[in-house]
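> If it helps, the file is called query.pdb and holds PDB, C-alpha atoms:
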```pdb
MODEL        1
ATOM      1  CA  ASP A   1     -24.563 101.903 290.013  1.00  0.00           C
ATOM      2  CA  THR A   2     -26.620 103.991 292.458  1.00  0.00           C
ATOM      3  CA  GLY A   3     -27.090 107.118 290.384  1.00  0.00           C
ATOM      4  CA  VAL A   4     -30.345 108.841 289.486  1.00  0.00           C
ATOM      5  CA  SER A   5     -32.531 106.675 287.253  1.00  0.00           C
ATOM      6  CA  GLN A   6     -35.410 107.685 285.011  1.00  0.00           C
ATOM      7  CA  ASP A   7     -38.057 105.681 283.251  1.00  0.00           C
ATOM      8  CA  PRO A   8     -38.906 105.503 280.424  1.00  0.00           C
ATOM      9  CA  ARG A   9     -35.888 106.765 278.507  1.00  0.00           C
ATOM     10  CA  HIS A  10     -38.005 107.560 275.460  1.00  0.00           C
ATOM     11  CA  LYS A  11     -41.714 108.204 274.975  1.00  0.00           C
ATOM     12  CA  ILE A  12     -43.609 108.885 271.769  1.00  0.00           C
ATOM     13  CA  THR A  13     -47.220 109.920 272.168  1.00  0.00           C
ATOM     14  CA  LYS A  14     -50.002 111.532 270.221  1.00  0.00           C
ATOM     15  CA  ARG A  15     -51.175 115.035 270.962  1.00  0.00           C
ATOM     16  CA  GLY A  16     -53.854 115.032 273.637  1.00  0.00           C
ATOM     17  CA  GLN A  17     -52.649 111.914 275.430  1.00  0.00           C
ATOM     18  CA  ASN A  18     -51.447 111.866 279.021  1.00  0.00           C
ATOM     19  CA  VAL A  19     -47.921 110.722 279.898  1.00  0.00           C
ATOM     20  CA  THR A  20     -46.185 109.955 283.181  1.00  0.00           C
ATOM     21  CA  PHE A  21     -42.471 109.809 283.882  1.00  0.00           C
ATOM     22  CA  ARG A  22     -40.715 108.356 286.905  1.00  0.00           C
ATOM     23  CA  CYS A  23     -37.528 109.408 288.642  1.00  0.00           C
ATOM     24  CA  ASP A  24     -35.646 107.472 291.312  1.00  0.00           C
ATOM     25  CA  PRO A  25     -33.118 109.714 293.078  1.00  0.00           C
ATOM     26  CA  ILE A  26     -29.852 108.714 294.683  1.00  0.00           C
ATOM     27  CA  SER A  27     -30.648 106.932 297.934  1.00  0.00           C
ATOM     28  CA  GLU A  28     -30.894 109.277 300.935  1.00  0.00           C
ATOM     29  CA  HIS A  29     -31.004 112.419 298.802  1.00  0.00           C
ATOM     30  CA  ASN A  30     -33.830 114.480 300.206  1.00  0.00           C
ATOM     31  CA  ARG A  31     -33.955 116.988 297.334  1.00  0.00           C
ATOM     32  CA  LEU A  32     -35.383 116.021 293.943  1.00  0.00           C
ATOM     33  CA  TYR A  33     -35.538 118.403 290.970  1.00  0.00           C
ATOM     34  CA  TRP A  34     -37.228 118.319 287.563  1.00  0.00           C
ATOM     35  CA  TYR A  35     -35.850 120.231 284.584  1.00  0.00           C
ATOM     36  CA  ARG A  36     -36.873 120.443 280.932  1.00  0.00           C
ATOM     37  CA  GLN A  37     -34.419 120.747 278.074  1.00  0.00           C
ATOM     38  CA  THR A  38     -35.376 121.633 274.516  1.00  0.00           C
ATOM     39  CA  LEU A  39     -33.091 121.145 271.546  1.00  0.00           C
ATOM     40  CA  GLY A  40     -30.063 123.414 271.560  1.00  0.00           C
ATOM     41  CA  GLN A  41     -30.787 124.848 274.990  1.00  0.00           C
ATOM     42  CA  GLY A  42     -29.630 124.269 278.522  1.00  0.00           C
ATOM     43  CA  PRO A  43     -31.959 122.629 281.043  1.00  0.00           C
ATOM     44  CA  GLU A  44     -34.622 124.857 282.599  1.00  0.00           C
ATOM     45  CA  PHE A  45     -35.964 124.400 286.107  1.00  0.00           C
ATOM     46  CA  LEU A  46     -39.524 123.105 286.513  1.00  0.00           C
ATOM     47  CA  THR A  47     -40.026 122.171 290.162  1.00  0.00           C
ATOM     48  CA  TYR A  48     -38.356 120.636 293.196  1.00  0.00           C
ATOM     49  CA  PHE A  49     -39.148 118.632 296.324  1.00  0.00           C
ATOM     50  CA  GLN A  50     -37.704 118.463 299.795  1.00  0.00           C
ATOM     51  CA  ASN A  51     -38.703 114.981 300.847  1.00  0.00           C
ATOM     52  CA  GLU A  52     -42.412 114.788 299.902  1.00  0.00           C
ATOM     53  CA  ALA A  53     -43.041 118.536 299.966  1.00  0.00           C
ATOM     54  CA  GLN A  54     -43.108 120.399 296.653  1.00  0.00           C
ATOM     55  CA  LEU A  55     -41.386 123.679 297.495  1.00  0.00           C
ATOM     56  CA  GLU A  56     -41.203 125.606 294.244  1.00  0.00           C
ATOM     57  CA  LYS A  57     -42.791 125.512 290.813  1.00  0.00           C
ATOM     58  CA  SER A  58     -41.613 127.410 287.752  1.00  0.00           C
ATOM     59  CA  ARG A  59     -44.043 129.384 285.626  1.00  0.00           C
ATOM     60  CA  LEU A  60     -43.035 126.905 282.905  1.00  0.00           C
ATOM     61  CA  LEU A  61     -45.075 124.317 284.782  1.00  0.00           C
ATOM     62  CA  SER A  62     -48.539 124.903 283.358  1.00  0.00           C
ATOM     63  CA  ASP A  63     -51.654 123.450 284.955  1.00  0.00           C
ATOM     64  CA  ARG A  64     -51.364 120.453 282.623  1.00  0.00           C
ATOM     65  CA  PHE A  65     -48.220 119.421 284.518  1.00  0.00           C
ATOM     66  CA  SER A  66     -48.250 117.805 287.928  1.00  0.00           C
ATOM     67  CA  ALA A  67     -45.420 116.329 289.956  1.00  0.00           C
ATOM     68  CA  GLU A  68     -45.544 114.203 293.063  1.00  0.00           C
ATOM     69  CA  ARG A  69     -43.146 112.598 295.484  1.00  0.00           C
ATOM     70  CA  PRO A  70     -45.553 110.779 297.776  1.00  0.00           C
ATOM     71  CA  LYS A  71     -43.135 108.975 300.095  1.00  0.00           C
ATOM     72  CA  GLY A  72     -40.172 111.237 299.746  1.00  0.00           C
ATOM     73  CA  SER A  73     -38.345 108.746 297.546  1.00  0.00           C
ATOM     74  CA  PHE A  74     -39.237 108.409 293.851  1.00  0.00           C
ATOM     75  CA  SER A  75     -41.107 111.119 291.975  1.00  0.00           C
ATOM     76  CA  THR A  76     -43.514 111.172 289.043  1.00  0.00           C
ATOM     77  CA  LEU A  77     -44.113 113.932 286.528  1.00  0.00           C
ATOM     78  CA  GLU A  78     -47.410 113.765 284.648  1.00  0.00           C
ATOM     79  CA  ILE A  79     -48.331 115.804 281.601  1.00  0.00           C
ATOM     80  CA  GLN A  80     -52.018 115.857 280.715  1.00  0.00           C
ATOM     81  CA  ARG A  81     -53.388 116.596 277.246  1.00  0.00           C
ATOM     82  CA  THR A  82     -49.921 116.738 275.715  1.00  0.00           C
ATOM     83  CA  GLU A  83     -49.134 119.354 273.084  1.00  0.00           C
ATOM     84  CA  GLN A  84     -46.421 119.338 270.441  1.00  0.00           C
ATOM     85  CA  GLY A  85     -44.642 122.065 272.382  1.00  0.00           C
ATOM     86  CA  ASP A  86     -44.158 119.619 275.262  1.00  0.00           C
ATOM     87  CA  SER A  87     -41.646 117.679 273.171  1.00  0.00           C
ATOM     88  CA  ALA A  88     -38.386 117.904 275.091  1.00  0.00           C
ATOM     89  CA  MET A  89     -35.965 116.011 277.311  1.00  0.00           C
ATOM     90  CA  TYR A  90     -37.242 115.839 280.897  1.00  0.00           C
ATOM     91  CA  LEU A  91     -34.394 115.601 283.367  1.00  0.00           C
ATOM     92  CA  CYS A  92     -34.474 114.662 287.015  1.00  0.00           C
ATOM     93  CA  ALA A  93     -31.739 115.520 289.504  1.00  0.00           C
ATOM     94  CA  SER A  94     -31.207 114.911 293.196  1.00  0.00           C
ATOM     95  CA  SER A  95     -29.019 116.341 295.928  1.00  0.00           C
ATOM     96  CA  ARG A  96     -28.249 115.363 299.476  1.00  0.00           C
ATOM     97  CA  SER A  97     -29.636 118.605 300.845  1.00  0.00           C
ATOM     98  CA  GLY A  98     -30.413 122.114 299.706  1.00  0.00           C
ATOM     99  CA  ARG A  99     -27.694 123.987 297.822  1.00  0.00           C
ATOM    100  CA  GLU A 100     -25.552 120.894 297.439  1.00  0.00           C
ATOM    101  CA  THR A 101     -24.418 119.516 294.108  1.00  0.00           C
ATOM    102  CA  GLN A 102     -27.238 118.241 291.922  1.00  0.00           C
ATOM    103  CA  TYR A 103     -26.688 114.936 290.133  1.00  0.00           C
ATOM    104  CA  PHE A 104     -28.721 114.290 287.003  1.00  0.00           C
ATOM    105  CA  GLY A 105     -30.379 111.208 285.605  1.00  0.00           C
ATOM    106  CA  PRO A 106     -30.224 110.164 281.947  1.00  0.00           C
ATOM    107  CA  GLY A 107     -33.494 111.919 281.111  1.00  0.00           C
ATOM    108  CA  THR A 108     -36.741 110.960 279.409  1.00  0.00           C
ATOM    109  CA  ARG A 109     -37.034 112.172 275.839  1.00  0.00           C
ATOM    110  CA  LEU A 110     -40.648 112.956 274.945  1.00  0.00           C
ATOM    111  CA  LEU A 111     -41.886 113.344 271.396  1.00  0.00           C
ATOM    112  CA  VAL A 112     -45.472 114.495 270.901  1.00  0.00           C
ATOM    113  CA  LEU A 113     -46.821 113.841 267.402  1.00  0.00           C
TER     114      LEU A 113
ATOM    115  CA  GLY B 114     -36.465 131.453 281.403  1.00  0.00           C
ATOM    116  CA  GLN B 115     -33.106 133.043 282.130  1.00  0.00           C
ATOM    117  CA  GLN B 116     -30.029 131.360 280.681  1.00  0.00           C
ATOM    118  CA  LEU B 117     -26.435 132.316 281.261  1.00  0.00           C
ATOM    119  CA  ASN B 118     -24.276 133.441 278.337  1.00  0.00           C
ATOM    120  CA  GLN B 119     -21.674 130.900 277.321  1.00  0.00           C
ATOM    121  CA  SER B 120     -18.978 131.405 274.737  1.00  0.00           C
ATOM    122  CA  PRO B 121     -18.023 130.214 272.354  1.00  0.00           C
ATOM    123  CA  GLN B 122     -21.198 128.495 271.152  1.00  0.00           C
ATOM    124  CA  SER B 123     -19.134 125.867 269.377  1.00  0.00           C
ATOM    125  CA  MET B 124     -15.498 124.913 268.981  1.00  0.00           C
ATOM    126  CA  PHE B 125     -13.743 122.824 266.372  1.00  0.00           C
ATOM    127  CA  ILE B 126     -10.289 121.750 267.518  1.00  0.00           C
ATOM    128  CA  GLN B 127      -7.685 119.116 266.835  1.00  0.00           C
ATOM    129  CA  GLU B 128      -6.862 116.378 269.284  1.00  0.00           C
ATOM    130  CA  GLY B 129      -4.206 117.517 271.729  1.00  0.00           C
ATOM    131  CA  GLU B 130      -5.199 121.175 271.683  1.00  0.00           C
ATOM    132  CA  ASP B 131      -6.198 123.084 274.813  1.00  0.00           C
ATOM    133  CA  VAL B 132      -9.729 124.441 275.134  1.00  0.00           C
ATOM    134  CA  SER B 133     -11.101 127.467 276.955  1.00  0.00           C
ATOM    135  CA  MET B 134     -14.715 128.443 277.445  1.00  0.00           C
ATOM    136  CA  ASN B 135     -16.479 130.883 279.704  1.00  0.00           C
ATOM    137  CA  CYS B 136     -19.811 131.733 281.185  1.00  0.00           C
ATOM    138  CA  THR B 137     -21.129 135.135 282.201  1.00  0.00           C
ATOM    139  CA  SER B 138     -24.137 136.359 284.086  1.00  0.00           C
ATOM    140  CA  SER B 139     -25.753 139.707 284.776  1.00  0.00           C
ATOM    141  CA  SER B 140     -26.377 138.617 288.358  1.00  0.00           C
ATOM    142  CA  ILE B 141     -24.279 137.158 291.138  1.00  0.00           C
ATOM    143  CA  PHE B 142     -24.054 133.456 291.853  1.00  0.00           C
ATOM    144  CA  ASN B 143     -22.693 131.760 294.958  1.00  0.00           C
ATOM    145  CA  THR B 144     -21.966 128.413 293.343  1.00  0.00           C
ATOM    146  CA  TRP B 145     -20.798 127.637 289.836  1.00  0.00           C
ATOM    147  CA  LEU B 146     -20.986 124.171 288.331  1.00  0.00           C
ATOM    148  CA  TRP B 147     -19.709 122.763 285.059  1.00  0.00           C
ATOM    149  CA  TYR B 148     -21.468 119.812 283.425  1.00  0.00           C
ATOM    150  CA  LYS B 149     -20.819 117.792 280.255  1.00  0.00           C
ATOM    151  CA  GLN B 150     -23.675 116.292 278.269  1.00  0.00           C
ATOM    152  CA  ASP B 151     -23.419 113.582 275.625  1.00  0.00           C
ATOM    153  CA  PRO B 152     -26.196 113.170 273.032  1.00  0.00           C
ATOM    154  CA  GLY B 153     -29.318 111.606 274.520  1.00  0.00           C
ATOM    155  CA  GLU B 154     -27.918 111.594 278.044  1.00  0.00           C
ATOM    156  CA  GLY B 155     -28.246 113.751 281.141  1.00  0.00           C
ATOM    157  CA  PRO B 156     -25.595 116.261 282.221  1.00  0.00           C
ATOM    158  CA  VAL B 157     -22.661 114.800 284.146  1.00  0.00           C
ATOM    159  CA  LEU B 158     -20.982 116.959 286.776  1.00  0.00           C
ATOM    160  CA  LEU B 159     -17.365 117.876 286.039  1.00  0.00           C
ATOM    161  CA  ILE B 160     -16.400 120.529 288.588  1.00  0.00           C
ATOM    162  CA  ALA B 161     -18.121 122.461 291.388  1.00  0.00           C
ATOM    163  CA  LEU B 162     -16.924 125.873 292.608  1.00  0.00           C
ATOM    164  CA  TYR B 163     -18.096 127.404 295.884  1.00  0.00           C
ATOM    165  CA  LYS B 164     -15.964 130.490 296.567  1.00  0.00           C
ATOM    166  CA  ALA B 165     -15.174 133.600 294.536  1.00  0.00           C
ATOM    167  CA  GLY B 166     -11.672 133.324 293.101  1.00  0.00           C
ATOM    168  CA  GLU B 167     -11.547 129.559 293.622  1.00  0.00           C
ATOM    169  CA  LEU B 168      -9.511 127.578 291.103  1.00  0.00           C
ATOM    170  CA  THR B 169     -10.280 123.851 291.003  1.00  0.00           C
ATOM    171  CA  SER B 170      -8.886 121.032 288.882  1.00  0.00           C
ATOM    172  CA  ASN B 171     -10.245 117.625 287.948  1.00  0.00           C
ATOM    173  CA  GLY B 172      -7.647 115.798 285.876  1.00  0.00           C
ATOM    174  CA  ARG B 173      -7.167 117.735 282.635  1.00  0.00           C
ATOM    175  CA  LEU B 174     -10.001 120.105 283.535  1.00  0.00           C
ATOM    176  CA  THR B 175      -9.529 123.346 285.429  1.00  0.00           C
ATOM    177  CA  ALA B 176     -12.288 125.770 286.342  1.00  0.00           C
ATOM    178  CA  GLN B 177     -12.329 129.117 288.073  1.00  0.00           C
ATOM    179  CA  PHE B 178     -15.018 131.012 289.956  1.00  0.00           C
ATOM    180  CA  GLY B 179     -14.738 134.638 288.839  1.00  0.00           C
ATOM    181  CA  ILE B 180     -13.874 137.194 291.491  1.00  0.00           C
ATOM    182  CA  THR B 181     -16.956 139.280 290.612  1.00  0.00           C
ATOM    183  CA  ARG B 182     -19.175 136.174 291.140  1.00  0.00           C
ATOM    184  CA  LYS B 183     -20.667 136.885 287.719  1.00  0.00           C
ATOM    185  CA  ASP B 184     -18.504 134.604 285.624  1.00  0.00           C
ATOM    186  CA  SER B 185     -16.681 131.299 285.457  1.00  0.00           C
ATOM    187  CA  PHE B 186     -14.145 129.698 283.162  1.00  0.00           C
ATOM    188  CA  LEU B 187     -13.418 126.113 282.146  1.00  0.00           C
ATOM    189  CA  ASN B 188     -10.191 124.968 280.550  1.00  0.00           C
ATOM    190  CA  ILE B 189      -9.453 121.539 279.119  1.00  0.00           C
ATOM    191  CA  SER B 190      -5.843 120.677 278.429  1.00  0.00           C
ATOM    192  CA  ALA B 191      -4.587 118.246 275.795  1.00  0.00           C
ATOM    193  CA  SER B 192      -8.036 117.362 274.442  1.00  0.00           C
ATOM    194  CA  ILE B 193      -8.853 113.755 273.598  1.00  0.00           C
ATOM    195  CA  PRO B 194     -11.719 112.280 271.524  1.00  0.00           C
ATOM    196  CA  SER B 195     -13.905 111.530 274.556  1.00  0.00           C
ATOM    197  CA  ASP B 196     -13.981 115.264 275.377  1.00  0.00           C
ATOM    198  CA  VAL B 197     -16.461 115.706 272.517  1.00  0.00           C
ATOM    199  CA  GLY B 198     -19.846 116.851 273.758  1.00  0.00           C
ATOM    200  CA  ILE B 199     -21.726 119.883 275.033  1.00  0.00           C
ATOM    201  CA  TYR B 200     -20.428 121.708 278.083  1.00  0.00           C
ATOM    202  CA  PHE B 201     -22.837 123.633 280.287  1.00  0.00           C
ATOM    203  CA  CYS B 202     -22.154 126.026 283.083  1.00  0.00           C
ATOM    204  CA  ALA B 203     -24.764 126.377 285.808  1.00  0.00           C
ATOM    205  CA  GLY B 204     -25.141 128.857 288.627  1.00  0.00           C
ATOM    206  CA  LEU B 205     -26.829 128.698 291.983  1.00  0.00           C
ATOM    207  CA  ASP B 206     -27.625 131.936 293.781  1.00  0.00           C
ATOM    208  CA  PHE B 207     -27.990 132.495 297.500  1.00  0.00           C
ATOM    209  CA  GLY B 208     -31.333 131.464 298.928  1.00  0.00           C
ATOM    210  CA  ASN B 209     -32.277 129.559 295.802  1.00  0.00           C
ATOM    211  CA  GLU B 210     -32.081 125.876 294.973  1.00  0.00           C
ATOM    212  CA  LYS B 211     -32.749 125.929 291.244  1.00  0.00           C
ATOM    213  CA  LEU B 212     -29.850 125.823 288.835  1.00  0.00           C
ATOM    214  CA  THR B 213     -29.671 128.383 286.056  1.00  0.00           C
ATOM    215  CA  PHE B 214     -27.887 126.894 283.060  1.00  0.00           C
ATOM    216  CA  GLY B 215     -25.830 128.427 280.297  1.00  0.00           C
ATOM    217  CA  THR B 216     -26.587 128.056 276.618  1.00  0.00           C
ATOM    218  CA  GLY B 217     -23.851 125.459 276.154  1.00  0.00           C
ATOM    219  CA  THR B 218     -20.570 125.126 274.258  1.00  0.00           C
ATOM    220  CA  ARG B 219     -20.418 122.306 271.726  1.00  0.00           C
ATOM    221  CA  LEU B 220     -16.937 120.819 271.414  1.00  0.00           C
ATOM    222  CA  THR B 221     -15.992 118.905 268.277  1.00  0.00           C
ATOM    223  CA  ILE B 222     -12.604 117.327 267.640  1.00  0.00           C
ATOM    224  CA  ILE B 223     -11.448 117.315 264.047  1.00  0.00           C
ATOM    225  CA  PRO B 224      -9.512 114.189 263.058  1.00  0.00           C
TER     226      PRO B 224
ENDMDL
END
```
Spit out the file's structure as structure tokens when you get a sec.


Amino acid sequence: DTGVSQDPRHKITKRGQNVTFRCDPISEHNRLYWYRQTLGQGPEFLTYFQNEAQLEKSRLLSDRFSAERPKGSFSTLEIQRTEQGDSAMYLCASSRSGRETQYFGPGTRLLVL
Amino acid sequence: GQQLNQSPQSMFIQEGEDVSMNCTSSSIFNTWLWYKQDPGEGPVLLIALYKAGELTSNGRLTAQFGITRKDSFLNISASIPSDVGIYFCAGLDFGNEKLTFGTGTRLTIIP
């Protein structure tokens, strides 16, 4: 299967710790998106990349959040000094180019204790 | 952040029944997408709509892009147990690459 993959699938951490998530997009997709989904809600946009360039960041992405896509392939999302409010499902999606269908990965569920 | 209005919020139906749900927005979108999400998984694309008035089918699923560009509808015919899950609409507006999602419709099939 060559869909979007995310690692880890689950992460439990203590408040104040740093966490990093990885996303591997569908091969040859130059767009990569990060979304956050809290319980009972639809996903909300965080940021996206065209190749290695980060083109847009939501106001939801506080300065404790940083995302990278150094070689235009996989991406990492780091959360520093985690807070309980960061508990959510973090979803990654990719598309072949801008405004084309976005395909989602299975998500990383984060629980901050 | 902004979320589209989906209705109903939840549905309890019997196997074999048809299902209808819709999604409305206060602003115009140029692409409408329908996704299904199972517990603990990411959304899976069901249908994509690109033109106002477009009616598209995928097996037992049929979706329409509203003529005003502010709404979309999803119908499921002859529901089966694997249809259980949460259905999300998502819109993409011109000049923007971020999806705006609806609040979701949870479908439950009563035995």

> Apply the ChimeraX specification (/A :<6) & /B to the file shown and report the selected residues as a PyMOL selection string.

chain B and resi 154-155+210+214-216

> Write out as a PyMOL selection string which residues come within 9 Å of A:Arg69 when counting only C-alpha atoms, dropping same-chain ones fewer than 2 positions away.

chain A and resi 32+49+51-54+67+71-76

> Go through A:Asp86, A:Asp63, A:Glu78, A:Glu68 one by one, measure the shortest atom-to-atom distance of each to A:Thr38 using all atoms listed in the file, and give the residue with the smallest value.

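Comparing A:Asp86, A:Asp63, A:Glu78, A:Glu68 against A:Thr38, the winner is A:Asp86.
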
> Restricting the calculation to all atoms listed in the file, which member of A:Lys57, A:Asp7, A:Thr2, A:Gly85 is positioned closest to A:Thr20?

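Answer, going by the shortest atom-to-atom distance: A:Asp7.
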
> If you apply the PyMOL selection byres ((chain B and resi 135-140) around 10) to this file, what residues do you get, as a PyMOL selection string?

chain B and resi 115-121+133-134+141-142+145+147+176-177+179+181-188+201-204+206+213-218

> Between A:Ser62, A:Ser87, A:Ser94, A:Gln50, which is the closest to A:Lys11 once you count only C-alpha atoms?

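Residue with the minimum atom-to-atom distance to A:Lys11: A:Ser87.
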
> Can you list what the PyMOL selection byres ((chain B and resi 197) around 6) grabs from this structure, as a VMD selection string?

chain B and resid 194 to 196 198 220 to 221

> One decimal, in Å: what's the spacing between atom CA of A:Val19 and atom CA of A:Ile79?

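Atom-to-atom, atom CA of A:Val19 to atom CA of A:Ile79, that is 5.4 Å.
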
> What is the atom CA of A:Leu110 to atom CA of A:Leu61 distance in Å?

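The value is 15.7 Å.
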
> Closest to B:Glu167 among B:Tyr148, B:Gly153, B:Tyr200, B:Asn143, using only C-alpha atoms?

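Ranking B:Tyr148, B:Gly153, B:Tyr200, B:Asn143 by distance to B:Glu167, first place goes to B:Asn143.
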
> Would you mind completing stretch 190-207 of chain B to N, CA, C and O atoms and writing the output as a PDB file, keeping the file's coordinate frame?


```
ATOM      1  N   SER B 190      -7.174 120.766 279.028  1.00  0.00           N
ATOM      2  CA  SER B 190      -5.843 120.677 278.429  1.00  0.00           C
ATOM      3  C   SER B 190      -5.712 119.371 277.656  1.00  0.00           C
ATOM      4  O   SER B 190      -6.325 118.355 278.001  1.00  0.00           O
ATOM      5  N   ALA B 191      -4.921 119.437 276.594  1.00  0.00           N
ATOM      6  CA  ALA B 191      -4.587 118.246 275.795  1.00  0.00           C
ATOM      7  C   ALA B 191      -5.823 117.416 275.474  1.00  0.00           C
ATOM      8  O   ALA B 191      -5.951 116.260 275.920  1.00  0.00           O
ATOM      9  N   SER B 192      -6.740 117.996 274.712  1.00  0.00           N
ATOM     10  CA  SER B 192      -8.036 117.362 274.442  1.00  0.00           C
ATOM     11  C   SER B 192      -7.865 115.981 273.806  1.00  0.00           C
ATOM     12  O   SER B 192      -6.919 115.726 273.040  1.00  0.00           O
ATOM     13  N   ILE B 193      -8.807 115.106 274.131  1.00  0.00           N
ATOM     14  CA  ILE B 193      -8.853 113.755 273.598  1.00  0.00           C
ATOM     15  C   ILE B 193     -10.244 113.515 273.021  1.00  0.00           C
ATOM     16  O   ILE B 193     -11.174 114.269 273.325  1.00  0.00           O
ATOM     17  N   PRO B 194     -10.421 112.493 272.196  1.00  0.00           N
ATOM     18  CA  PRO B 194     -11.719 112.280 271.524  1.00  0.00           C
ATOM     19  C   PRO B 194     -12.914 112.211 272.468  1.00  0.00           C
ATOM     20  O   PRO B 194     -13.998 112.689 272.124  1.00  0.00           O
ATOM     21  N   SER B 195     -12.763 111.654 273.647  1.00  0.00           N
ATOM     22  CA  SER B 195     -13.905 111.530 274.556  1.00  0.00           C
ATOM     23  C   SER B 195     -14.316 112.873 275.178  1.00  0.00           C
ATOM     24  O   SER B 195     -15.326 112.940 275.886  1.00  0.00           O
ATOM     25  N   ASP B 196     -13.577 113.927 274.904  1.00  0.00           N
ATOM     26  CA  ASP B 196     -13.981 115.264 275.377  1.00  0.00           C
ATOM     27  C   ASP B 196     -15.105 115.842 274.525  1.00  0.00           C
ATOM     28  O   ASP B 196     -15.721 116.843 274.903  1.00  0.00           O
ATOM     29  N   VAL B 197     -15.389 115.223 273.398  1.00  0.00           N
ATOM     30  CA  VAL B 197     -16.461 115.706 272.517  1.00  0.00           C
ATOM     31  C   VAL B 197     -17.788 115.696 273.264  1.00  0.00           C
ATOM     32  O   VAL B 197     -18.104 114.753 273.976  1.00  0.00           O
ATOM     33  N   GLY B 198     -18.545 116.763 273.109  1.00  0.00           N
ATOM     34  CA  GLY B 198     -19.846 116.851 273.758  1.00  0.00           C
ATOM     35  C   GLY B 198     -20.239 118.303 273.948  1.00  0.00           C
ATOM     36  O   GLY B 198     -19.616 119.202 273.389  1.00  0.00           O
ATOM     37  N   ILE B 199     -21.273 118.517 274.742  1.00  0.00           N
ATOM     38  CA  ILE B 199     -21.726 119.883 275.033  1.00  0.00           C
ATOM     39  C   ILE B 199     -21.425 120.177 276.501  1.00  0.00           C
ATOM     40  O   ILE B 199     -21.793 119.395 277.380  1.00  0.00           O
ATOM     41  N   TYR B 200     -20.794 121.292 276.736  1.00  0.00           N
ATOM     42  CA  TYR B 200     -20.428 121.708 278.083  1.00  0.00           C
ATOM     43  C   TYR B 200     -21.368 122.812 278.536  1.00  0.00           C
ATOM     44  O   TYR B 200     -21.581 123.796 277.826  1.00  0.00           O
ATOM     45  N   PHE B 201     -21.930 122.637 279.721  1.00  0.00           N
ATOM     46  CA  PHE B 201     -22.837 123.633 280.287  1.00  0.00           C
ATOM     47  C   PHE B 201     -22.284 124.158 281.604  1.00  0.00           C
ATOM     48  O   PHE B 201     -21.836 123.384 282.449  1.00  0.00           O
ATOM     49  N   CYS B 202     -22.369 125.465 281.768  1.00  0.00           N
ATOM     50  CA  CYS B 202     -22.154 126.026 283.083  1.00  0.00           C
ATOM     51  C   CYS B 202     -23.520 126.144 283.754  1.00  0.00           C
ATOM     52  O   CYS B 202     -24.558 126.167 283.079  1.00  0.00           O
ATOM     53  N   ALA B 203     -23.520 126.194 285.063  1.00  0.00           N
ATOM     54  CA  ALA B 203     -24.764 126.377 285.808  1.00  0.00           C
ATOM     55  C   ALA B 203     -24.441 127.149 287.076  1.00  0.00           C
ATOM     56  O   ALA B 203     -23.401 126.935 287.699  1.00  0.00           O
ATOM     57  N   GLY B 204     -25.337 128.054 287.433  1.00  0.00           N
ATOM     58  CA  GLY B 204     -25.141 128.857 288.627  1.00  0.00           C
ATOM     59  C   GLY B 204     -26.250 128.647 289.621  1.00  0.00           C
ATOM     60  O   GLY B 204     -27.392 128.329 289.262  1.00  0.00           O
ATOM     61  N   LEU B 205     -25.875 128.829 290.888  1.00  0.00           N
ATOM     62  CA  LEU B 205     -26.829 128.698 291.983  1.00  0.00           C
ATOM     63  C   LEU B 205     -26.679 129.957 292.822  1.00  0.00           C
ATOM     64  O   LEU B 205     -25.581 130.268 293.291  1.00  0.00           O
ATOM     65  N   ASP B 206     -27.770 130.719 292.987  1.00  0.00           N
ATOM     66  CA  ASP B 206     -27.625 131.936 293.781  1.00  0.00           C
ATOM     67  C   ASP B 206     -28.115 131.730 295.210  1.00  0.00           C
ATOM     68  O   ASP B 206     -28.818 130.775 295.505  1.00  0.00           O
ATOM     69  N   PHE B 207     -27.717 132.637 296.075  1.00  0.00           N
ATOM     70  CA  PHE B 207     -27.990 132.495 297.500  1.00  0.00           C
ATOM     71  C   PHE B 207     -29.488 132.463 297.741  1.00  0.00           C
ATOM     72  O   PHE B 207     -30.237 133.235 297.175  1.00  0.00           O
TER      73      PHE B 207
END
```
